[in-house]
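Undergrad: Sharing a structure below in structure tokens format, with a few things to ask.
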Amino acid sequence: MTATIALVDDDRNILTSVTIALEAEGFRVRTYPDGQKAWEALATKPADLAVLDVKMPRMDGMELLKKLREVTDMPVIFLTSKDEEIDQVLGLRMGADDYIGKPFSQRLLIERIRSLLRRSEMRATPVAATPAENPSDEVMVRGRLTLDPLRHRVLWNGHDVTLTVTEFMILQTLAQHPGHVKSRDQLMDAAYSDDVYVDDRTIDSHIKRLRRKFRQADEEFDGIETLYGVGYRFKES
């Protein structure tokens, strides 16, 4: 099935050139010239992945991401200028999955899009399915947690917990070895590509969102423990 990409940028040249490149690769593209128009469309009809500029009129990329994360877990890539390092970090803390600095290679953007889509595809497929070919794709059961990497699906006590790609990768890393402490650096390595810089607080923000989402399914959820100054671990229960 052809993936639909939402491209949000107030630069018409970028909208045109990137649309041509993505369509040449077989993607469907929906373009929006500002954050407000994108929000009005994506709030009710999310795409498979969104590429957002940070600096836009009416509603900037940060505000758009914040609102989108209230209604959808679709992967999000930020486009940022070289002098917007603060925005890059804040965007990742707020739930973006990746960022690319301007000026950027269209081939790099396409590769990042394909990578994120591979990690999030088939999330709607039922858990009961054919065995995974790769051991790392096998369904993981840790007490009340069921984690299906192939379908990007998470259950807690039988209830679906919807996660972003980055949140899923962090949880998978923690749950692989219950009781083992994972440092923030280890979680960064698991969740992001090598050329994406994140700081400790970015991981902390993801952990807070993970806990909040699990507590929507179980108010007493305490499966992710903090070891101050060391890192985090998953407690099987």
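Residue numbering restarts at 1 in every chain; chains get A, B, ... in the order shown in the structure tokens, and ligands count up from 1 in that same order.
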Please identify which residues in stretch 39-230 of chain A DSSP calls strand (DSSP E or B) from the backbone, and express them as a PyMOL selection string.

TA: chain A and resi 49-53+76-81+98-102+140-142+145-148+153-156+159-160+182+224-227

Undergrad: Excluding A:Leu42 and residues on its chain fewer than 4 positions from it, collect all residues at most 9 Å away from it, counting only C-alpha atoms, and give them as a PyMOL selection string.

TA: chain A and resi 6+37-38+46-47+68+72

Undergrad: Taking N, CA and C atoms for each residue, export the selection above as a PDB file, in the first residue's frame.

TA:
ATOM      1  N   ALA A   6       2.569  13.824   4.560  1.00  0.00           N
ATOM      2  CA  ALA A   6       2.125  15.206   4.729  1.00  0.00           C
ATOM      3  C   ALA A   6       3.359  16.097   4.774  1.00  0.00           C
ATOM      4  N   LYS A  37      -3.375  25.228   8.530  1.00  0.00           N
ATOM      5  CA  LYS A  37      -4.056  24.443   7.511  1.00  0.00           C
ATOM      6  C   LYS A  37      -3.719  22.961   7.656  1.00  0.00           C
ATOM      7  N   ALA A  38      -2.469  22.677   8.021  1.00  0.00           N
ATOM      8  CA  ALA A  38      -2.086  21.276   8.227  1.00  0.00           C
ATOM      9  C   ALA A  38      -2.868  20.673   9.389  1.00  0.00           C
ATOM     10  N   PRO A  46      -5.060  11.857   9.569  1.00  0.00           N
ATOM     11  CA  PRO A  46      -3.592  11.822   9.607  1.00  0.00           C
ATOM     12  C   PRO A  46      -3.012  11.139   8.374  1.00  0.00           C
ATOM     13  N   ALA A  47      -1.785  11.514   8.053  1.00  0.00           N
ATOM     14  CA  ALA A  47      -1.047  10.836   6.988  1.00  0.00           C
ATOM     15  C   ALA A  47      -0.288   9.660   7.602  1.00  0.00           C
ATOM     16  N   LEU A  68      -0.719  17.627  17.235  1.00  0.00           N
ATOM     17  CA  LEU A  68      -0.815  16.331  16.554  1.00  0.00           C
ATOM     18  C   LEU A  68      -0.612  15.184  17.521  1.00  0.00           C
ATOM     19  N   THR A  72      -2.636  11.688  17.251  1.00  0.00           N
ATOM     20  CA  THR A  72      -2.048  10.700  16.356  1.00  0.00           C
ATOM     21  C   THR A  72      -0.615  10.376  16.763  1.00  0.00           C
TER      22      THR A  72
END

Undergrad: List every residue of stretch 129-194 of chain A that has an atom at most 8 Å from any atom of stretch 213-221 of chain A, and for each one report the closest atom pair and its distance in Å to one decimal, counting only C-alpha atoms, with rows sorted by chain and then by increasing residue number, as JSON lines.

TA:
{"residue": "A:Trp156", "atom": "CA", "partner": "A:Ala217", "partner_atom": "CA", "distance": 7.1}
{"residue": "A:His159", "atom": "CA", "partner": "A:Ala217", "partner_atom": "CA", "distance": 6.6}
{"residue": "A:Asp160", "atom": "CA", "partner": "A:Ala217", "partner_atom": "CA", "distance": 7.9}
{"residue": "A:Val161", "atom": "CA", "partner": "A:Phe214", "partner_atom": "CA", "distance": 6.5}
{"residue": "A:Thr162", "atom": "CA", "partner": "A:Lys213", "partner_atom": "CA", "distance": 7.6}

Undergrad: Pick out the residues sitting within 9 Å of A:Ile113, and hand them over as a ChimeraX atom specification; count only C-alpha atoms, and ignore anything fewer than 4 positions along from it in its own chain.

TA: /A:5,49,51,75,77,108-109,117-118

Undergrad: Between atom CA of A:Glu40 and atom CA of A:Met74, what is the spacing in Å?

TA: 15.8 Å

Undergrad: To one decimal place in Å, what is the distance between atom CA of A:Val71 and atom CA of A:Phe234?

TA: 26.6 Å

Undergrad: Any chance you could list, as a CSV table (one decimal) with N, CA, C and O atoms, in the first residue's frame, the residues in chain A that come up alpha helix (DSSP H) when DSSP is run on the backbone?

TA:
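Everything below was put into states_17.csv:
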chain,number,residue,atom,x,y,z
A,12,ARG,N,7.4,27.6,-0.9
A,12,ARG,CA,6.7,26.9,-2.0
A,12,ARG,C,7.7,26.1,-2.8
A,12,ARG,O,7.4,25.1,-3.4
A,13,ASN,N,9.0,26.6,-2.9
A,13,ASN,CA,10.0,25.9,-3.7
A,13,ASN,C,10.2,24.5,-3.0
A,13,ASN,O,10.4,23.5,-3.7
A,14,ILE,N,10.3,24.5,-1.7
A,14,ILE,CA,10.5,23.2,-1.0
A,14,ILE,C,9.3,22.3,-1.2
A,14,ILE,O,9.4,21.1,-1.5
A,15,LEU,N,8.1,22.9,-1.1
A,15,LEU,CA,6.9,22.1,-1.3
A,15,LEU,C,6.9,21.4,-2.7
A,15,LEU,O,6.6,20.2,-2.9
A,16,THR,N,7.2,22.2,-3.7
A,16,THR,CA,7.2,21.7,-5.1
A,16,THR,C,8.3,20.7,-5.3
A,16,THR,O,8.0,19.6,-5.8
A,17,SER,N,9.5,21.0,-5.0
A,17,SER,CA,10.7,20.1,-5.3
A,17,SER,C,10.6,18.8,-4.5
A,17,SER,O,10.8,17.7,-5.1
A,18,VAL,N,10.2,18.9,-3.2
A,18,VAL,CA,10.2,17.7,-2.4
A,18,VAL,C,9.0,16.8,-2.9
A,18,VAL,O,9.0,15.6,-2.9
A,19,THR,N,7.9,17.5,-3.2
A,19,THR,CA,6.7,16.7,-3.7
A,19,THR,C,7.1,15.9,-5.0
A,19,THR,O,6.7,14.7,-5.1
A,20,ILE,N,7.8,16.6,-5.9
A,20,ILE,CA,8.2,15.9,-7.1
A,20,ILE,C,9.1,14.7,-6.8
A,20,ILE,O,8.9,13.6,-7.3
A,21,ALA,N,10.0,14.9,-5.9
A,21,ALA,CA,11.0,13.8,-5.5
A,21,ALA,C,10.2,12.6,-4.8
A,21,ALA,O,10.5,11.5,-5.1
A,22,LEU,N,9.3,12.9,-3.9
A,22,LEU,CA,8.6,11.9,-3.2
A,22,LEU,C,7.6,11.1,-4.2
A,22,LEU,O,7.5,9.9,-4.1
A,23,GLU,N,7.0,11.9,-5.0
A,23,GLU,CA,6.0,11.2,-6.0
A,23,GLU,C,6.8,10.3,-6.9
A,23,GLU,O,6.3,9.2,-7.3
A,24,ALA,N,8.0,10.7,-7.3
A,24,ALA,CA,8.9,9.9,-8.1
A,24,ALA,C,9.2,8.6,-7.5
A,24,ALA,O,9.5,7.6,-8.2
A,35,GLY,N,1.1,25.8,9.4
A,35,GLY,CA,0.7,24.8,10.4
A,35,GLY,C,-0.8,24.8,10.6
A,35,GLY,O,-1.3,23.7,10.9
A,36,GLN,N,-1.5,25.9,10.6
A,36,GLN,CA,-2.9,25.9,10.8
A,36,GLN,C,-3.7,25.1,9.8
A,36,GLN,O,-4.5,24.2,10.2
A,37,LYS,N,-3.4,25.2,8.5
A,37,LYS,CA,-4.1,24.4,7.5
A,37,LYS,C,-3.7,23.0,7.7
A,37,LYS,O,-4.6,22.1,7.4
A,38,ALA,N,-2.5,22.7,8.0
A,38,ALA,CA,-2.1,21.3,8.2
A,38,ALA,C,-2.9,20.7,9.4
A,38,ALA,O,-3.4,19.5,9.3
A,39,TRP,N,-3.0,21.4,10.5
A,39,TRP,CA,-3.7,20.9,11.6
A,39,TRP,C,-5.2,20.6,11.3
A,39,TRP,O,-5.7,19.6,11.7
A,40,GLU,N,-5.8,21.6,10.6
A,40,GLU,CA,-7.2,21.4,10.2
A,40,GLU,C,-7.4,20.1,9.4
A,40,GLU,O,-8.5,19.4,9.6
A,41,ALA,N,-6.5,19.7,8.6
A,41,ALA,CA,-6.6,18.5,7.8
A,41,ALA,C,-6.1,17.3,8.5
A,41,ALA,O,-6.8,16.2,8.5
A,42,LEU,N,-5.0,17.4,9.2
A,42,LEU,CA,-4.4,16.2,9.8
A,42,LEU,C,-5.1,15.7,11.1
A,42,LEU,O,-4.9,14.6,11.5
A,61,GLY,N,5.9,24.8,13.6
A,61,GLY,CA,6.0,23.4,13.7
A,61,GLY,C,5.9,22.8,15.1
A,61,GLY,O,5.4,21.7,15.3
A,62,MET,N,6.4,23.5,16.1
A,62,MET,CA,6.4,23.1,17.5
A,62,MET,C,4.9,23.0,17.9
A,62,MET,O,4.5,22.0,18.5
A,63,GLU,N,4.1,24.0,17.7
A,63,GLU,CA,2.7,24.0,18.1
A,63,GLU,C,2.0,22.9,17.4
A,63,GLU,O,1.1,22.2,18.0
A,64,LEU,N,2.2,22.8,16.1
A,64,LEU,CA,1.6,21.8,15.3
A,64,LEU,C,1.9,20.4,15.8
A,64,LEU,O,1.0,19.5,16.0
A,65,LEU,N,3.2,20.1,16.1
A,65,LEU,CA,3.5,18.8,16.7
A,65,LEU,C,2.8,18.5,18.0
A,65,LEU,O,2.3,17.4,18.2
A,66,LYS,N,2.8,19.5,18.9
A,66,LYS,CA,2.1,19.4,20.2
A,66,LYS,C,0.7,19.0,20.0
A,66,LYS,O,0.2,18.1,20.7
A,67,LYS,N,0.0,19.6,19.1
A,67,LYS,CA,-1.4,19.3,18.8
A,67,LYS,C,-1.6,18.0,18.2
A,67,LYS,O,-2.5,17.2,18.5
A,68,LEU,N,-0.7,17.6,17.2
A,68,LEU,CA,-0.8,16.3,16.6
A,68,LEU,C,-0.6,15.2,17.5
A,68,LEU,O,-1.3,14.1,17.4
A,85,GLU,N,19.4,24.7,16.6
A,85,GLU,CA,19.7,23.5,17.4
A,85,GLU,C,18.8,23.4,18.6
A,85,GLU,O,18.4,22.3,18.9
A,86,ILE,N,18.4,24.5,19.2
A,86,ILE,CA,17.5,24.5,20.3
A,86,ILE,C,16.2,23.9,19.9
A,86,ILE,O,15.5,23.1,20.5
A,87,ASP,N,15.7,24.3,18.7
A,87,ASP,CA,14.4,23.8,18.2
A,87,ASP,C,14.5,22.3,17.9
A,87,ASP,O,13.5,21.6,18.1
A,88,GLN,N,15.7,21.8,17.4
A,88,GLN,CA,15.8,20.4,17.2
A,88,GLN,C,15.6,19.6,18.4
A,88,GLN,O,14.9,18.6,18.5
A,89,VAL,N,16.3,20.1,19.5
A,89,VAL,CA,16.2,19.4,20.8
A,89,VAL,C,14.8,19.4,21.3
A,89,VAL,O,14.2,18.4,21.8
A,90,LEU,N,14.2,20.6,21.3
A,90,LEU,CA,12.8,20.7,21.8
A,90,LEU,C,11.8,19.9,21.0
A,90,LEU,O,10.9,19.3,21.6
A,91,GLY,N,12.0,19.8,19.7
A,91,GLY,CA,11.1,19.0,18.9
A,91,GLY,C,11.2,17.5,19.2
A,91,GLY,O,10.2,16.9,19.3
A,92,LEU,N,12.4,17.0,19.5
A,92,LEU,CA,12.6,15.6,19.8
A,92,LEU,C,12.0,15.4,21.2
A,92,LEU,O,11.4,14.3,21.4
A,93,ARG,N,12.1,16.3,22.1
A,93,ARG,CA,11.5,16.1,23.5
A,93,ARG,C,10.0,16.1,23.4
A,93,ARG,O,9.3,15.4,24.2
A,94,MET,N,9.4,16.8,22.4
A,94,MET,CA,8.0,16.9,22.3
A,94,MET,C,7.4,15.7,21.6
A,94,MET,O,6.2,15.6,21.5
A,106,GLN,N,17.5,15.7,-0.8
A,106,GLN,CA,16.2,15.0,-0.9
A,106,GLN,C,16.4,13.5,-0.8
A,106,GLN,O,15.5,12.8,-0.3
A,107,ARG,N,17.5,12.9,-1.2
A,107,ARG,CA,17.8,11.5,-1.1
A,107,ARG,C,17.9,11.1,0.4
A,107,ARG,O,17.3,10.1,0.8
A,108,LEU,N,18.5,12.0,1.2
A,108,LEU,CA,18.6,11.7,2.6
A,108,LEU,C,17.2,11.7,3.3
A,108,LEU,O,16.8,10.9,4.1
A,109,LEU,N,16.4,12.7,2.9
A,109,LEU,CA,15.0,12.8,3.4
A,109,LEU,C,14.2,11.6,3.1
A,109,LEU,O,13.5,11.0,3.9
A,110,ILE,N,14.3,11.1,1.8
A,110,ILE,CA,13.6,9.9,1.4
A,110,ILE,C,14.1,8.7,2.2
A,110,ILE,O,13.2,7.8,2.6
A,111,GLU,N,15.4,8.6,2.4
A,111,GLU,CA,15.9,7.4,3.2
A,111,GLU,C,15.3,7.5,4.6
A,111,GLU,O,15.0,6.4,5.2
A,112,ARG,N,15.3,8.7,5.2
A,112,ARG,CA,14.8,8.8,6.6
A,112,ARG,C,13.3,8.4,6.6
A,112,ARG,O,12.8,7.8,7.6
A,113,ILE,N,12.5,8.9,5.6
A,113,ILE,CA,11.1,8.6,5.6
A,113,ILE,C,10.9,7.0,5.4
A,113,ILE,O,10.1,6.5,6.2
A,114,ARG,N,11.7,6.4,4.6
A,114,ARG,CA,11.5,5.0,4.4
A,114,ARG,C,11.9,4.2,5.7
A,114,ARG,O,11.2,3.2,6.1
A,115,SER,N,12.9,4.7,6.4
A,115,SER,CA,13.3,4.0,7.6
A,115,SER,C,12.2,4.1,8.7
A,115,SER,O,11.9,3.1,9.3
A,116,LEU,N,11.7,5.3,8.8
A,116,LEU,CA,10.6,5.4,9.8
A,116,LEU,C,9.3,4.6,9.5
A,116,LEU,O,8.7,4.0,10.3
A,117,LEU,N,9.0,4.6,8.2
A,117,LEU,CA,7.8,3.9,7.8
A,117,LEU,C,8.0,2.4,8.0
A,117,LEU,O,7.1,1.7,8.3
A,118,ARG,N,9.3,1.9,7.7
A,118,ARG,CA,9.5,0.5,8.0
A,118,ARG,C,9.3,0.1,9.4
A,118,ARG,O,8.8,-1.0,9.8
A,119,ARG,N,9.7,1.0,10.3
A,119,ARG,CA,9.6,0.7,11.7
A,119,ARG,C,8.2,0.8,12.3
A,119,ARG,O,7.9,0.3,13.3
A,120,SER,N,7.3,1.5,11.5
A,120,SER,CA,6.0,1.7,12.0
A,120,SER,C,4.9,1.0,11.2
A,120,SER,O,3.7,1.0,11.6
A,165,VAL,N,6.9,5.8,17.1
A,165,VAL,CA,8.0,4.9,16.7
A,165,VAL,C,9.1,5.0,17.8
A,165,VAL,O,9.7,4.0,18.2
A,166,THR,N,9.5,6.3,18.2
A,166,THR,CA,10.6,6.4,19.1
A,166,THR,C,10.2,5.9,20.5
A,166,THR,O,11.0,5.2,21.1
A,167,GLU,N,9.0,6.1,20.9
A,167,GLU,CA,8.6,5.5,22.2
A,167,GLU,C,8.6,4.0,22.2
A,167,GLU,O,9.0,3.4,23.1
A,168,PHE,N,8.2,3.4,21.1
A,168,PHE,CA,8.2,2.0,20.9
A,168,PHE,C,9.6,1.4,21.0
A,168,PHE,O,9.8,0.4,21.7
A,169,MET,N,10.6,2.1,20.4
A,169,MET,CA,11.9,1.6,20.4
A,169,MET,C,12.5,1.7,21.8
A,169,MET,O,13.3,0.8,22.2
A,170,ILE,N,12.2,2.7,22.5
A,170,ILE,CA,12.7,2.8,23.9
A,170,ILE,C,12.1,1.7,24.8
A,170,ILE,O,12.8,1.1,25.5
A,171,LEU,N,10.8,1.5,24.7
A,171,LEU,CA,10.1,0.5,25.4
A,171,LEU,C,10.7,-0.9,25.1
A,171,LEU,O,10.9,-1.7,26.0
A,172,GLN,N,10.9,-1.2,23.8
A,172,GLN,CA,11.4,-2.5,23.4
A,172,GLN,C,12.8,-2.7,24.0
A,172,GLN,O,13.1,-3.8,24.5
A,173,THR,N,13.6,-1.7,24.0
A,173,THR,CA,15.0,-1.8,24.6
A,173,THR,C,14.9,-2.1,26.1
A,173,THR,O,15.6,-3.0,26.6
A,174,LEU,N,14.0,-1.5,26.8
A,174,LEU,CA,13.9,-1.7,28.2
A,174,LEU,C,13.3,-3.1,28.5
A,174,LEU,O,13.7,-3.7,29.5
A,175,ALA,N,12.3,-3.5,27.7
A,175,ALA,CA,11.6,-4.7,28.0
A,175,ALA,C,12.4,-6.0,27.6
A,175,ALA,O,12.1,-7.1,28.1
A,184,ARG,N,20.7,6.3,29.7
A,184,ARG,CA,20.1,7.2,28.7
A,184,ARG,C,20.9,7.1,27.4
A,184,ARG,O,20.2,7.1,26.3
A,185,ASP,N,22.2,6.9,27.4
A,185,ASP,CA,22.9,6.8,26.1
A,185,ASP,C,22.5,5.5,25.4
A,185,ASP,O,22.4,5.5,24.1
A,186,GLN,N,22.3,4.4,26.1
A,186,GLN,CA,21.8,3.2,25.4
A,186,GLN,C,20.4,3.4,24.8
A,186,GLN,O,20.2,2.9,23.7
A,187,LEU,N,19.6,4.1,25.5
A,187,LEU,CA,18.2,4.3,25.0
A,187,LEU,C,18.3,5.3,23.8
A,187,LEU,O,17.5,5.1,22.8
A,188,MET,N,19.2,6.2,23.8
A,188,MET,CA,19.4,7.1,22.7
A,188,MET,C,19.8,6.3,21.4
A,188,MET,O,19.3,6.5,20.3
A,189,ASP,N,20.8,5.4,21.6
A,189,ASP,CA,21.3,4.6,20.5
A,189,ASP,C,20.2,3.7,19.9
A,189,ASP,O,20.2,3.5,18.7
A,190,ALA,N,19.3,3.2,20.8
A,190,ALA,CA,18.2,2.4,20.3
A,190,ALA,C,17.2,3.1,19.5
A,190,ALA,O,16.6,2.6,18.6
A,191,ALA,N,16.9,4.4,19.9
A,191,ALA,CA,15.8,5.1,19.4
A,191,ALA,C,16.1,6.0,18.2
A,191,ALA,O,15.2,6.4,17.4
A,200,ASP,N,20.0,14.2,27.5
A,200,ASP,CA,19.4,13.4,28.5
A,200,ASP,C,17.9,13.7,28.7
A,200,ASP,O,17.1,12.9,28.9
A,201,ARG,N,17.6,15.0,28.7
A,201,ARG,CA,16.2,15.4,29.0
A,201,ARG,C,15.3,15.0,27.9
A,201,ARG,O,14.1,14.8,28.1
A,202,THR,N,15.8,14.7,26.7
A,202,THR,CA,14.9,14.2,25.6
A,202,THR,C,14.4,12.8,26.0
A,202,THR,O,13.2,12.5,25.9
A,203,ILE,N,15.3,12.0,26.4
A,203,ILE,CA,15.0,10.6,26.9
A,203,ILE,C,14.0,10.7,28.0
A,203,ILE,O,13.0,10.0,28.1
A,204,ASP,N,14.3,11.6,29.0
A,204,ASP,CA,13.4,11.7,30.1
A,204,ASP,C,12.0,12.1,29.7
A,204,ASP,O,11.0,11.6,30.3
A,205,SER,N,11.9,13.0,28.7
A,205,SER,CA,10.6,13.4,28.2
A,205,SER,C,9.8,12.2,27.6
A,205,SER,O,8.6,12.0,27.8
A,206,HIS,N,10.5,11.4,26.8
A,206,HIS,CA,9.9,10.2,26.3
A,206,HIS,C,9.4,9.2,27.4
A,206,HIS,O,8.3,8.6,27.2
A,207,ILE,N,10.2,9.1,28.4
A,207,ILE,CA,9.8,8.2,29.5
A,207,ILE,C,8.6,8.7,30.2
A,207,ILE,O,7.6,7.9,30.5
A,208,LYS,N,8.5,10.0,30.4
A,208,LYS,CA,7.3,10.6,31.0
A,208,LYS,C,6.0,10.3,30.1
A,208,LYS,O,5.0,10.0,30.6
A,209,ARG,N,6.2,10.4,28.8
A,209,ARG,CA,5.0,10.2,27.9
A,209,ARG,C,4.7,8.7,27.9
A,209,ARG,O,3.5,8.3,27.9
A,210,LEU,N,5.7,7.8,28.0
A,210,LEU,CA,5.4,6.4,28.1
A,210,LEU,C,4.6,6.1,29.3
A,210,LEU,O,3.6,5.4,29.2
A,211,ARG,N,5.0,6.6,30.4
A,211,ARG,CA,4.3,6.3,31.7
A,211,ARG,C,2.9,6.9,31.6
A,211,ARG,O,1.9,6.2,32.1
A,212,ARG,N,2.7,8.1,31.1
A,212,ARG,CA,1.4,8.7,31.0
A,212,ARG,C,0.5,7.8,30.1
A,212,ARG,O,-0.7,7.6,30.5
A,213,LYS,N,1.0,7.3,29.0
A,213,LYS,CA,0.1,6.5,28.1
A,213,LYS,C,-0.3,5.2,28.8
A,213,LYS,O,-1.4,4.7,28.7
A,214,PHE,N,0.7,4.6,29.5
A,214,PHE,CA,0.3,3.3,30.2
A,214,PHE,C,-0.6,3.5,31.3
A,214,PHE,O,-1.5,2.7,31.6
A,215,ARG,N,-0.5,4.7,32.0
A,215,ARG,CA,-1.4,4.9,33.1
A,215,ARG,C,-2.8,5.3,32.6
A,215,ARG,O,-3.8,5.2,33.4
A,216,GLN,N,-3.0,5.6,31.3
A,216,GLN,CA,-4.3,5.7,30.8
A,216,GLN,C,-5.0,4.4,30.7
A,216,GLN,O,-6.2,4.3,30.8
A,217,ALA,N,-4.2,3.3,30.5
A,217,ALA,CA,-4.7,1.9,30.5
A,217,ALA,C,-4.8,1.3,31.9
A,217,ALA,O,-5.6,0.4,32.2

Undergrad: Which residues come within 10 Å of A:Arg144, counting only C-alpha atoms, excluding same-chain residues fewer than 3 positions away, as a tab-separated table (two decimals) with N, CA and C atoms, in the first residue's frame?

TA:
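Contents of the output file selection.tsv:
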chain	number	residue	atom	x	y	z
A	141	VAL	N	6.54	-11.07	25.40
A	141	VAL	CA	5.59	-11.02	26.52
A	141	VAL	C	6.37	-10.89	27.81
A	147	LEU	N	4.39	-7.03	23.49
A	147	LEU	CA	5.00	-6.10	22.55
A	147	LEU	C	5.29	-6.84	21.24
A	155	LEU	N	0.36	-4.04	23.99
A	155	LEU	CA	-0.80	-4.29	24.85
A	155	LEU	C	-0.36	-4.30	26.30
A	156	TRP	N	-1.20	-3.74	27.17
A	156	TRP	CA	-0.98	-3.82	28.60
A	156	TRP	C	-2.28	-4.33	29.23
A	157	ASN	N	-2.20	-5.49	29.86
A	157	ASN	CA	-3.40	-6.13	30.39
A	157	ASN	C	-4.46	-6.31	29.30
A	158	GLY	N	-4.00	-6.53	28.06
A	158	GLY	CA	-4.92	-6.73	26.96
A	158	GLY	C	-5.44	-5.47	26.31
A	159	HIS	N	-5.05	-4.31	26.84
A	159	HIS	CA	-5.50	-3.03	26.30
A	159	HIS	C	-4.42	-2.44	25.40
A	223	GLY	N	5.66	0.06	35.71
A	223	GLY	CA	6.58	-0.86	35.05
A	223	GLY	C	7.90	-0.28	34.62
A	236	GLU	N	9.08	-6.31	35.35
A	236	GLU	CA	8.07	-7.25	34.89
A	236	GLU	C	7.08	-7.55	36.02
A	237	SER	N	5.78	-7.49	35.68
A	237	SER	CA	4.76	-7.75	36.71
A	237	SER	C	3.55	-8.40	36.08

Undergrad: Quick one: distance from atom CA of A:Asp34 to atom CA of A:Asp53 in Å, one decimal?

TA: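 A separation of 8.8 Å between them.
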